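Q: Okay, so here is coords-v1.cif, and as you'll see once you scroll down, it has mmCIF, C-alpha atoms.
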```
data_model
#
loop_
_atom_site.label_atom_id
_atom_site.label_comp_id
_atom_site.auth_asym_id
_atom_site.auth_seq_id
_atom_site.Cartn_x
_atom_site.Cartn_y
_atom_site.Cartn_z
CA MET A 809 184.54 304.34 -53.84
CA LYS A 810 186.63 304.28 -50.66
CA LYS A 811 184.38 306.92 -49.08
CA ILE A 812 181.09 305.15 -49.82
CA ALA A 813 179.86 303.63 -46.57
CA LEU A 814 177.13 301.05 -46.18
CA MET A 815 175.70 302.57 -43.04
CA SER A 816 175.63 305.97 -44.70
CA LEU A 817 173.62 304.42 -47.52
CA VAL A 818 171.09 303.13 -45.04
CA ALA A 819 170.89 306.60 -43.53
CA SER A 820 170.35 308.13 -46.94
CA SER A 821 167.45 305.78 -47.58
CA ILE A 822 165.86 306.75 -44.29
CA LEU A 823 166.13 310.41 -45.14
CA MET A 824 164.05 309.84 -48.23
CA ALA A 825 161.40 310.95 -45.76
CA GLY A 826 162.67 314.46 -46.53
CA GLY A 827 163.11 314.30 -50.27
CA TYR A 828 160.40 311.68 -50.69
CA LYS A 829 158.37 312.41 -47.58
CA ILE A 830 154.76 311.25 -47.36
CA PRO A 831 152.74 314.14 -45.93
CA GLU A 832 149.51 312.69 -47.35
CA ASN A 833 148.30 310.15 -44.78
CA SER A 834 144.55 310.38 -45.28
CA THR A 835 142.24 310.69 -48.25
CA ASN A 836 141.39 314.25 -47.23
CA ALA A 837 145.11 315.09 -47.18
CA VAL A 838 145.60 313.58 -50.64
CA ALA A 839 142.66 315.60 -51.98
CA LEU A 840 143.90 318.88 -50.44
CA GLY A 841 147.65 318.44 -50.85
CA ALA A 842 147.88 318.20 -47.03
CA ALA A 843 146.39 321.71 -46.70
CA ASN A 844 144.13 320.55 -43.88
CA ILE A 845 145.76 322.12 -40.81
CA ALA A 846 143.36 324.99 -40.08
CA HIS A 847 140.10 323.59 -41.50
CA ASN A 848 138.65 320.20 -40.74
CA HIS A 849 135.19 319.07 -41.70
CA ASN A 850 134.52 316.66 -38.85
CA SER A 851 136.99 313.97 -39.93
CA ALA A 852 139.16 311.82 -37.65
CA ASP A 853 142.36 312.65 -39.56
CA ALA A 854 142.41 315.83 -37.46
CA ALA A 855 144.11 313.61 -34.86
CA TYR A 856 147.24 313.68 -37.06
CA TYR A 857 147.15 316.92 -39.02
CA ASN A 858 146.02 319.23 -36.21
CA PRO A 859 144.83 317.42 -33.06
CA ALA A 860 143.77 320.76 -31.54
CA LYS A 861 140.88 320.70 -34.05
CA MET A 862 139.46 317.68 -32.22
CA VAL A 863 137.79 320.01 -29.69
CA PHE A 864 135.54 321.42 -32.45
CA MET A 865 134.29 318.03 -33.68
CA SER A 866 130.85 316.59 -32.93
CA ASP A 867 130.56 314.73 -29.62
CA GLU A 868 130.97 311.25 -31.12
CA ASN A 869 133.67 308.69 -31.69
CA HIS A 870 135.20 309.22 -35.15
CA ILE A 871 137.15 306.70 -37.22
CA ASP A 872 138.81 307.30 -40.59
CA ALA A 873 140.44 304.35 -42.43
CA ASN A 874 142.37 304.86 -45.66
CA LEU A 875 144.21 302.79 -48.27
CA MET A 876 146.69 304.60 -50.48
CA TYR A 877 148.39 303.52 -53.73
CA ILE A 878 151.76 305.17 -54.43
CA GLY A 879 153.43 304.91 -57.82
CA LEU A 880 156.98 306.24 -58.40
CA ASN A 881 158.06 306.83 -61.99
CA LYS A 882 161.61 306.17 -63.10
CA VAL A 883 164.32 308.74 -62.38
CA ASN A 884 166.51 309.42 -65.43
CA TYR A 885 170.14 310.52 -65.44
CA ASN A 886 172.19 311.56 -68.45
CA GLY A 887 175.77 312.78 -68.02
CA THR A 888 179.05 311.67 -66.50
CA ALA A 889 180.12 310.17 -63.20
CA SER A 890 183.51 310.28 -61.52
CA ILE A 891 185.13 306.83 -61.42
CA ASN A 892 188.57 306.75 -59.77
CA GLY A 893 188.67 310.53 -60.23
CA ASN A 894 187.96 310.39 -63.98
CA PRO A 895 184.65 311.50 -65.60
CA VAL A 896 183.00 308.62 -67.45
CA GLY A 897 179.85 308.95 -69.58
CA ILE A 898 177.12 306.73 -68.16
CA GLY A 899 173.87 308.12 -69.51
CA PRO A 900 171.12 307.84 -70.22
CA ILE A 901 170.19 305.45 -67.40
CA ALA A 902 167.03 305.07 -65.33
CA SER A 903 166.06 303.77 -61.91
CA GLU A 904 163.38 301.15 -61.44
CA SER A 905 159.76 302.25 -61.15
CA GLU A 906 158.14 301.43 -57.79
CA THR A 907 154.61 300.81 -56.48
CA PHE A 908 153.34 300.59 -52.89
CA VAL A 909 150.09 300.22 -51.00
CA VAL A 910 150.06 302.11 -47.69
CA PRO A 911 147.22 302.03 -45.11
CA SER A 912 146.48 304.64 -42.44
CA LEU A 913 144.04 304.83 -39.54
CA HIS A 914 142.80 307.78 -37.44
CA TYR A 915 140.57 307.87 -34.35
CA VAL A 916 139.06 310.71 -32.28
CA SER A 917 137.17 310.00 -29.06
CA SER A 918 133.95 311.58 -27.91
CA ASP A 919 134.16 314.33 -25.29
CA ILE A 920 135.42 312.89 -21.99
CA ASN A 921 135.06 315.51 -19.24
CA GLY A 922 136.01 318.25 -21.67
CA VAL A 923 138.99 316.35 -23.12
CA ARG A 924 139.34 314.73 -26.54
CA PHE A 925 141.75 311.90 -27.28
CA GLY A 926 143.13 310.94 -30.68
CA LEU A 927 145.25 308.19 -32.21
CA SER A 928 146.81 307.99 -35.67
CA VAL A 929 148.75 305.14 -37.25
CA VAL A 930 150.50 306.35 -40.41
CA SER A 931 153.58 306.01 -42.61
CA PRO A 932 155.36 309.40 -42.44
CA GLY A 933 158.04 308.66 -45.04
CA GLY A 934 160.31 306.22 -46.81
CA LEU A 935 159.54 304.39 -50.05
CA SER A 936 162.33 302.96 -52.23
CA LYS A 937 164.93 303.64 -54.88
CA ARG A 938 166.59 300.91 -56.97
CA TRP A 939 169.11 301.07 -59.82
CA SER A 940 170.26 298.12 -61.93
CA ASN A 941 172.74 299.59 -64.39
CA ASN A 942 176.15 301.22 -64.62
CA TYR A 943 177.70 303.44 -61.99
CA ALA A 944 174.46 303.95 -60.05
CA THR A 945 174.67 300.45 -58.53
CA PHE A 946 178.12 301.26 -57.11
CA THR A 947 176.46 303.51 -54.53
CA ALA A 948 172.72 302.85 -54.75
CA GLN A 949 171.72 299.38 -55.89
CA GLU A 950 168.74 299.41 -53.53
CA PHE A 951 167.33 301.62 -50.80
CA THR A 952 164.09 300.53 -49.18
CA LEU A 953 162.55 302.03 -46.07
CA GLU A 954 159.37 301.17 -44.21
CA THR A 955 158.13 303.42 -41.42
CA ILE A 956 155.18 303.20 -39.06
CA GLU A 957 154.31 306.06 -36.73
CA VAL A 958 151.91 305.65 -33.81
CA ASN A 959 150.78 309.11 -32.69
CA PRO A 960 148.50 309.36 -29.60
CA THR A 961 147.24 312.89 -28.83
CA VAL A 962 145.12 314.74 -26.29
CA ALA A 963 143.33 318.09 -26.78
CA LEU A 964 141.70 320.69 -24.53
CA PRO A 965 139.52 323.70 -25.44
CA PHE A 966 140.23 327.27 -24.36
CA ALA A 967 138.98 330.84 -24.98
CA ASN A 968 135.34 329.90 -24.37
CA GLY A 969 135.38 327.27 -27.06
CA LYS A 970 137.07 329.40 -29.74
CA GLY A 971 140.42 327.63 -29.39
CA GLY A 972 142.01 324.28 -28.83
CA VAL A 973 145.47 323.11 -27.78
CA ALA A 974 146.92 319.60 -28.12
CA ILE A 975 150.02 317.57 -27.42
CA GLY A 976 151.04 314.14 -28.62
CA LEU A 977 153.76 311.49 -28.71
CA ARG A 978 155.54 310.33 -31.87
CA ILE A 979 156.57 306.67 -31.78
CA ILE A 980 158.30 305.69 -35.04
CA HIS A 981 159.43 302.24 -36.09
CA SER A 982 161.87 302.29 -39.04
CA LYS A 983 163.12 299.33 -41.05
CA GLY A 984 165.65 299.74 -43.85
CA ILE A 985 167.52 297.76 -46.51
CA ALA A 986 170.59 299.15 -48.28
CA ARG A 987 172.67 297.45 -50.95
CA SER A 988 175.46 298.60 -53.24
CA ALA A 989 177.66 296.63 -55.61
CA SER A 990 180.64 297.37 -57.86
CA PRO A 991 183.46 295.23 -59.27
CA ALA A 992 185.60 296.08 -56.23
CA ALA A 993 183.12 296.60 -53.38
CA MET A 994 179.90 295.13 -52.04
CA SER A 995 177.72 296.11 -49.11
CA ASP A 996 174.47 294.68 -47.78
CA MET A 997 172.70 295.77 -44.63
CA THR A 998 169.36 295.53 -42.87
CA GLY A 999 168.51 297.51 -39.78
CA ASP A 1000 165.65 298.80 -37.69
CA SER A 1001 164.89 301.20 -34.87
CA ILE A 1002 162.14 302.46 -32.56
CA ASP A 1003 162.46 306.13 -31.65
CA GLY A 1004 160.29 308.86 -30.21
CA GLY A 1005 159.45 312.53 -30.25
CA PHE A 1006 156.45 314.79 -29.68
CA ASN A 1007 154.04 317.08 -31.48
CA ILE A 1008 152.07 320.12 -30.34
CA ALA A 1009 149.20 321.92 -32.03
CA LEU A 1010 147.07 325.02 -31.70
CA ALA A 1011 143.75 325.92 -33.32
CA TYR A 1012 141.83 329.19 -33.01
CA ASN A 1013 138.66 330.40 -34.71
CA PRO A 1014 138.44 334.19 -34.21
CA THR A 1015 135.22 334.33 -36.26
CA PRO A 1016 132.90 331.68 -37.74
CA ALA A 1017 134.58 332.26 -41.13
CA TRP A 1018 138.23 332.41 -40.12
CA GLU A 1019 140.21 329.43 -38.81
CA LEU A 1020 143.87 329.49 -37.78
CA GLY A 1021 146.20 326.59 -37.02
CA VAL A 1022 149.78 325.98 -35.92
CA THR A 1023 151.45 322.57 -35.64
CA TYR A 1024 154.95 321.50 -34.70
CA ARG A 1025 156.36 318.00 -35.07
CA SER A 1026 159.64 317.53 -33.21
CA GLN A 1027 162.89 316.19 -34.55
CA VAL A 1028 163.22 312.44 -34.07
CA ASP A 1029 166.72 310.97 -33.96
CA LEU A 1030 166.66 307.61 -35.67
CA ASN A 1031 169.15 305.31 -33.96
CA LEU A 1032 169.35 302.53 -36.52
CA GLU A 1033 170.98 299.23 -35.61
CA GLY A 1034 171.42 296.16 -37.78
CA ASP A 1035 173.72 293.61 -39.44
CA ALA A 1036 176.15 294.39 -42.25
CA THR A 1037 178.10 292.33 -44.76
CA LEU A 1038 181.00 294.26 -46.30
CA SER A 1039 183.69 293.33 -48.81
CA TYR A 1040 186.39 295.19 -50.74
CA THR A 1041 188.90 293.93 -53.32
CA ASP A 1042 192.14 295.89 -53.08
CA VAL A 1043 192.81 295.89 -56.85
CA ALA A 1044 195.54 298.53 -56.76
CA GLY A 1045 197.15 297.45 -53.51
CA THR A 1046 196.07 300.61 -51.73
CA PHE A 1047 196.05 298.99 -48.31
CA THR A 1048 199.26 297.00 -48.68
CA PRO A 1049 201.11 299.30 -46.23
CA TYR A 1050 198.45 298.52 -43.64
CA THR A 1051 198.25 294.76 -44.05
CA GLY A 1052 201.23 293.51 -46.01
CA ALA A 1053 198.83 291.63 -48.31
CA PRO A 1054 199.35 291.62 -52.11
CA ALA A 1055 197.22 293.67 -54.51
CA GLY A 1056 194.01 291.90 -55.49
CA THR A 1057 193.28 290.67 -51.97
CA THR A 1058 189.58 290.64 -51.03
CA TYR A 1059 188.70 291.72 -47.51
CA SER A 1060 185.32 290.76 -46.02
CA SER A 1061 183.53 291.57 -42.78
CA MET A 1062 180.28 290.56 -41.14
CA SER A 1063 179.48 293.02 -38.42
CA SER A 1064 176.86 294.86 -36.45
CA GLY A 1065 176.50 298.55 -37.21
CA SER A 1066 174.73 301.60 -35.87
CA VAL A 1067 174.15 305.20 -36.89
CA SER A 1068 172.20 308.10 -35.41
CA LEU A 1069 170.64 310.69 -37.68
CA PRO A 1070 167.83 313.23 -37.46
CA LEU A 1071 164.34 313.10 -38.91
CA PRO A 1072 163.95 316.87 -38.72
CA ALA A 1073 161.37 319.05 -37.06
CA THR A 1074 158.48 320.53 -39.08
CA LEU A 1075 156.54 323.73 -38.36
CA SER A 1076 153.24 324.48 -40.15
CA LEU A 1077 151.32 327.77 -40.09
CA ALA A 1078 147.84 327.72 -41.60
CA ALA A 1079 144.87 330.00 -42.20
CA ALA A 1080 141.49 329.14 -43.72
CA TYR A 1081 138.50 331.26 -44.72
CA THR A 1082 134.99 329.94 -45.47
CA PHE A 1083 132.74 331.99 -47.75
CA ASP A 1084 128.94 332.11 -47.59
CA SER A 1085 128.90 329.67 -50.53
CA LYS A 1086 130.47 327.05 -48.20
CA THR A 1087 133.72 327.34 -50.11
CA THR A 1088 136.80 327.11 -47.88
CA VAL A 1089 140.24 328.24 -49.01
CA GLU A 1090 143.24 327.25 -46.87
CA PHE A 1091 146.88 328.28 -47.16
CA VAL A 1092 149.67 326.44 -45.32
CA TYR A 1093 153.28 327.48 -44.96
CA GLU A 1094 155.51 324.58 -43.87
CA LYS A 1095 159.12 324.78 -42.70
CA ASN A 1096 161.22 321.60 -42.69
CA TYR A 1097 164.40 321.86 -40.60
CA TRP A 1098 166.64 319.62 -42.69
CA SER A 1099 169.81 321.52 -41.74
CA ALA A 1100 170.00 319.10 -38.79
CA TYR A 1101 171.27 316.57 -41.35
CA SER A 1102 174.85 317.82 -41.76
CA GLU A 1103 176.95 314.65 -41.61
CA LEU A 1104 176.70 310.89 -41.40
CA ASP A 1105 178.93 309.11 -38.90
CA PHE A 1106 178.54 305.52 -37.78
CA ASP A 1107 180.04 302.74 -35.68
CA TYR A 1108 180.67 299.11 -36.51
CA GLY A 1109 180.93 296.21 -34.10
CA ALA A 1110 183.94 294.06 -33.36
CA GLY A 1111 183.40 291.92 -36.47
CA VAL A 1112 184.63 294.58 -38.93
CA ASN A 1113 188.27 294.36 -40.03
CA LEU A 1114 190.70 297.23 -40.58
CA VAL A 1115 190.42 297.49 -44.37
CA THR A 1116 186.62 297.40 -44.68
CA ASN A 1117 186.41 299.88 -41.81
CA ILE A 1118 188.65 302.28 -43.79
CA VAL A 1119 186.63 301.76 -46.98
CA TYR A 1120 183.19 302.07 -45.40
CA GLY A 1121 183.96 303.96 -42.22
CA THR A 1122 184.55 307.49 -43.46
CA PRO A 1123 181.90 310.05 -42.38
CA ARG A 1124 180.10 311.73 -45.28
CA ALA A 1125 179.20 315.41 -45.36
CA LYS A 1126 175.55 315.94 -46.40
CA ASN A 1127 174.84 319.58 -45.46
CA TRP A 1128 171.14 319.45 -46.28
CA GLU A 1129 169.22 322.71 -46.23
CA ASN A 1130 166.04 323.88 -44.51
CA THR A 1131 163.16 323.89 -46.99
CA ASN A 1132 159.88 325.72 -47.52
CA THR A 1133 156.66 324.09 -48.68
CA PHE A 1134 153.58 326.04 -49.75
CA ARG A 1135 150.16 324.35 -49.76
CA LEU A 1136 146.84 325.66 -51.07
CA GLY A 1137 143.60 323.72 -50.52
CA VAL A 1138 140.03 324.45 -51.64
CA THR A 1139 136.97 322.70 -50.19
CA GLN A 1140 133.44 323.06 -51.61
CA GLU A 1141 130.66 321.63 -49.47
CA LEU A 1142 127.43 320.75 -51.29
CA ASP A 1143 124.61 318.69 -49.76
CA ALA A 1144 125.96 315.17 -49.29
CA LEU A 1145 129.00 315.76 -51.46
CA THR A 1146 132.23 317.59 -50.64
CA ILE A 1147 134.68 318.41 -53.46
CA MET A 1148 138.35 319.17 -52.68
CA GLY A 1149 141.42 320.29 -54.63
CA GLY A 1150 144.96 321.39 -53.87
CA LEU A 1151 148.25 322.80 -55.11
CA VAL A 1152 151.68 322.16 -53.52
CA VAL A 1153 155.08 323.77 -54.20
CA ASP A 1154 157.86 321.86 -52.43
CA GLU A 1155 161.62 322.47 -52.30
CA SER A 1156 164.28 319.75 -52.24
CA PRO A 1157 166.60 319.75 -49.21
CA VAL A 1158 169.50 318.15 -51.11
CA PRO A 1159 172.24 320.64 -52.18
CA ASP A 1160 174.07 320.28 -55.48
CA ALA A 1161 177.34 319.48 -53.73
CA THR A 1162 176.09 316.24 -52.13
CA ILE A 1163 173.34 314.96 -54.45
CA GLY A 1164 173.81 311.40 -55.69
CA PHE A 1165 172.00 308.33 -56.99
CA GLU A 1166 170.80 307.33 -53.50
CA LEU A 1167 168.50 310.39 -53.44
CA PRO A 1168 168.31 312.17 -56.83
CA ASP A 1169 165.81 314.70 -55.53
CA THR A 1170 164.48 317.87 -57.19
CA ASP A 1171 161.94 320.61 -56.47
CA THR A 1172 158.33 319.59 -57.11
CA VAL A 1173 154.91 320.99 -57.95
CA ALA A 1174 151.84 318.86 -57.18
CA VAL A 1175 148.13 319.11 -58.03
CA SER A 1176 145.35 317.18 -56.28
CA LEU A 1177 141.62 316.49 -56.52
CA GLY A 1178 139.14 314.46 -54.47
CA ALA A 1179 135.61 314.07 -53.15
CA ARG A 1180 133.86 312.81 -50.02
CA TYR A 1181 130.25 311.57 -50.03
CA GLN A 1182 128.04 311.34 -46.94
CA ILE A 1183 126.15 308.03 -47.18
CA ASP A 1184 124.12 308.58 -44.00
CA ASP A 1185 124.47 310.24 -40.60
CA ASN A 1186 127.21 307.82 -39.57
CA MET A 1187 129.20 306.88 -42.66
CA ASP A 1188 131.01 308.57 -45.55
CA VAL A 1189 133.34 307.44 -48.32
CA ALA A 1190 136.06 309.34 -50.15
CA ILE A 1191 138.41 309.07 -53.10
CA ALA A 1192 141.30 311.34 -54.09
CA GLY A 1193 144.48 311.61 -56.13
CA ILE A 1194 147.58 313.78 -56.22
CA TYR A 1195 150.24 314.00 -58.92
CA SER A 1196 153.69 315.35 -58.00
CA MET A 1197 155.85 316.61 -60.88
CA HIS A 1198 159.62 316.77 -60.38
CA GLU A 1199 161.51 319.56 -62.07
CA ALA A 1200 164.56 318.77 -64.21
CA ARG A 1201 167.80 319.43 -62.34
CA THR A 1202 171.32 320.05 -63.66
CA VAL A 1203 174.01 318.66 -61.35
CA ASN A 1204 177.71 319.51 -61.34
CA ASN A 1205 179.70 318.28 -58.34
CA SER A 1206 182.71 316.10 -57.62
CA ASN A 1207 180.83 312.90 -58.55
CA LEU A 1208 178.12 313.80 -61.09
CA ASN A 1209 177.90 316.20 -64.03
CA GLY A 1210 174.64 315.88 -65.92
CA GLU A 1211 170.86 316.21 -65.77
CA ILE A 1212 168.27 314.49 -63.57
CA THR A 1213 164.74 314.20 -64.95
CA GLY A 1214 161.58 312.21 -64.24
CA GLY A 1215 160.67 310.75 -60.87
CA ASN A 1216 157.06 311.94 -60.86
CA ILE A 1217 154.77 310.46 -58.19
CA LEU A 1218 151.09 309.46 -58.38
CA ILE A 1219 149.11 308.82 -55.20
CA VAL A 1220 145.52 307.55 -55.22
CA SER A 1221 143.65 307.08 -51.94
CA MET A 1222 140.29 305.68 -50.85
CA GLY A 1223 138.83 306.33 -47.39
CA LEU A 1224 135.95 305.33 -45.16
CA GLY A 1225 134.73 307.49 -42.29
CA TYR A 1226 132.46 306.29 -39.48
CA ARG A 1227 130.95 307.97 -36.42
CA PHE A 1228 129.23 306.33 -33.46
#
```
Let me see whether you can do it: turn the structure in this file into structure tokens.
A:
Amino acid sequence: MKKIALMSLVASSILMAGGYKIPENSTNAVALGAANIAHNHNSADAAYYNPAKMVFMSDENHIDANLMYIGLNKVNYNGTASINGNPVGIGPIASESETFVVPSLHYVSSDINGVRFGLSVVSPGGLSKRWSNNYATFTAQEFTLETIEVNPTVALPFANGKGGVAIGLRIIHSKGIARSASPAAMSDMTGDSIDGGFNIALAYNPTPAWELGVTYRSQVDLNLEGDATLSYTDVAGTFTPYTGAPAGTTYSSMSSGSVSLPLPATLSLAAAYTFDSKTTVEFVYEKNYWSAYSELDFDYGAGVNLVTNIVYGTPRAKNWENTNTFRLGVTQELDALTIMGGLVVDESPVPDATIGFELPDTDTVAVSLGARYQIDDNMDVAIAGIYSMHEARTVNNSNLNGEITGGNILIVSMGLGYRF
């Protein structure tokens, strides 16, 4: 327990955007499993998924508003955990189930002297993980993260109207809560941050049937700052040589704290083909550069005392890995109705050596389905759902030896599109 740090717990909750990222930030994206990089059927969510596609949209103002329900099933663990260096059976235990409602908004301007402007307000990642029993609360009683990204973009056409190029700014506000509790140690922290990055995008249609897209979202370093309450009871007298205090002494600190960690870059390569039947098939390869998350190190303010700094102040190796995600989307346009479906295969960035209760992540496979209906020339409505299934994972490291199961995710989204 001496190497479990409160600020590192906050950082782990923030990086749920990798293991529990939210790539679906529109109803179209939910329906297609976020395979909407190369092909866009005149919807304002192009401003987020590939702003270069804005140059191909009709010369109108486009708005797309969405409301998304996210349900997280319980994560189950059955096995042993290392307590004071000894394996102790703690299973089966389960985390709390979680539900959230997340809005998103996208806007694309009409043509302004050959330039198109876009704006998206989304939640790129976060969610929550809570445990209420046994050893899990020692390191992961609660992790909650809220993120809001404001993403303005601008796009220009090229190649005689066959291509588009775009650039944008990523402005991300993050707010986190992290709590852990054991008989000997307690930590409680809240923190927030506003940080920035950029995104670039390219779209090219070599033929009327083929569409190609490339997007890159930069790494954003989240520089979280907040207030921490820390305490540790020195049951065995470990710190007596440092303080001269007897065993059983409780040390407490109220302090400021800060940590810098990366929200990694993402590269997406996409190709779509539309058949004469108005059936479009799109494939997306996505690379997430999670290797930037190698270690957590943090600083406390003057309010922290020597003992709690030793207990909570040790950097933690994470050594996350770059991951591959494969997305397949199918769109069938009818008259007023468009039907969409998707399949996603996603890898976990968390290696066996550092996985824990704060992020018990596994590889996933997801299936999606949705539809959009054109009410009139100006308005359409949409509904979609995606179900993400987590694979069982056997863990054997210095802290855990057992099996992680469950944790499936259901997302249901409703959207309204308007043009004027």
Q: Pull out every residue that the PyMOL selection byres ((chain A and resi 1095-1097) around 7) matches in the shown coordinates and put them as a PyMOL selection string.
A: chain A and resi 1072-1076+1093-1094+1098-1100+1130-1133
Q: Output C-alpha atoms for every residue in that selection, as a PDB file, keeping the file's coordinate frame.
A:
```pdb
ATOM      1  CA  PRO A1072     163.950 316.870 -38.720  1.00  0.00           C
ATOM      2  CA  ALA A1073     161.370 319.050 -37.060  1.00  0.00           C
ATOM      3  CA  THR A1074     158.480 320.530 -39.080  1.00  0.00           C
ATOM      4  CA  LEU A1075     156.540 323.730 -38.360  1.00  0.00           C
ATOM      5  CA  SER A1076     153.240 324.480 -40.150  1.00  0.00           C
ATOM      6  CA  TYR A1093     153.280 327.480 -44.960  1.00  0.00           C
ATOM      7  CA  GLU A1094     155.510 324.580 -43.870  1.00  0.00           C
ATOM      8  CA  TRP A1098     166.640 319.620 -42.690  1.00  0.00           C
ATOM      9  CA  SER A1099     169.810 321.520 -41.740  1.00  0.00           C
ATOM     10  CA  ALA A1100     170.000 319.100 -38.790  1.00  0.00           C
ATOM     11  CA  ASN A1130     166.040 323.880 -44.510  1.00  0.00           C
ATOM     12  CA  THR A1131     163.160 323.890 -46.990  1.00  0.00           C
ATOM     13  CA  ASN A1132     159.880 325.720 -47.520  1.00  0.00           C
ATOM     14  CA  THR A1133     156.660 324.090 -48.680  1.00  0.00           C
TER      15      THR A1133
END
```
Q: For this structure, which residues satisfy the selection - the PyMOL selection byres ((chain A and resi 1026-1037) around 7) - when it is evaluated on the file as given? I want them as a ChimeraX atom specification.
A: /A:995-1001,1003-1007,1024-1025,1038-1039,1061-1074
Q: Using the chain letters and numbers from this file, what does the PyMOL selection byres ((chain A and resi 1008) around 12) select? Give the answer as a VMD selection string.
A: chain A and resid 855 to 861 959 to 964 972 to 978 1005 to 1007 1009 to 1011 1021 to 1026 1073 to 1076
Q: Leaving out Pro1168 of chain A and any residue of its chain fewer than 5 positions from it, which residues lie within 8 Å of it when counting only C-alpha atoms, given as a list in words?
A: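 After dropping sequence-adjacent residues, the list is Val883, Ile1163 and Ile1212 of chain A.
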Q: For the residues in the current selection, export C-alpha atoms as a PDB file, in the frame of the given file.
A:
```pdb
ATOM      1  CA  VAL A 883     164.320 308.740 -62.380  1.00  0.00           C
ATOM      2  CA  ILE A1163     173.340 314.960 -54.450  1.00  0.00           C
ATOM      3  CA  ILE A1212     168.270 314.490 -63.570  1.00  0.00           C
TER       4      ILE A1212
END
```
Q: Take the point (129.5, 304.7, -44.6) in the file's coordinates, draw a sphere of radius 7 Å around it, and report as an NGL selection string every protein, DNA or RNA residue with an atom inside or on it, counting all atoms listed in the file.
A: :A and (1183-1184 or 1186-1189 or 1224-1226)
Q: For Asn1209 of chain A, work out the shell of residues within 8 Å, counting only C-alpha atoms and skipping chain neighbours fewer than 6 positions away, then give it as a list in words.
A: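 Result of the neighbour search: Gly887, Thr888, Ala889, Thr1202 and Val1203 of chain A.
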Q: For atom CA of Met1197 of chain A and atom CA of Ile1217 of chain A, determine how far apart the two atoms are, in Å to one decimal place.
A: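 About the pair atom CA of Met1197 of chain A and atom CA of Ile1217 of chain A: they are 6.8 Å apart.
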Q: Kindly give the distance, in Å, that separates atom CA of Pro991 of chain A and atom CA of Phe1165 of chain A, rounded to a single decimal.
A: 17.6 Å
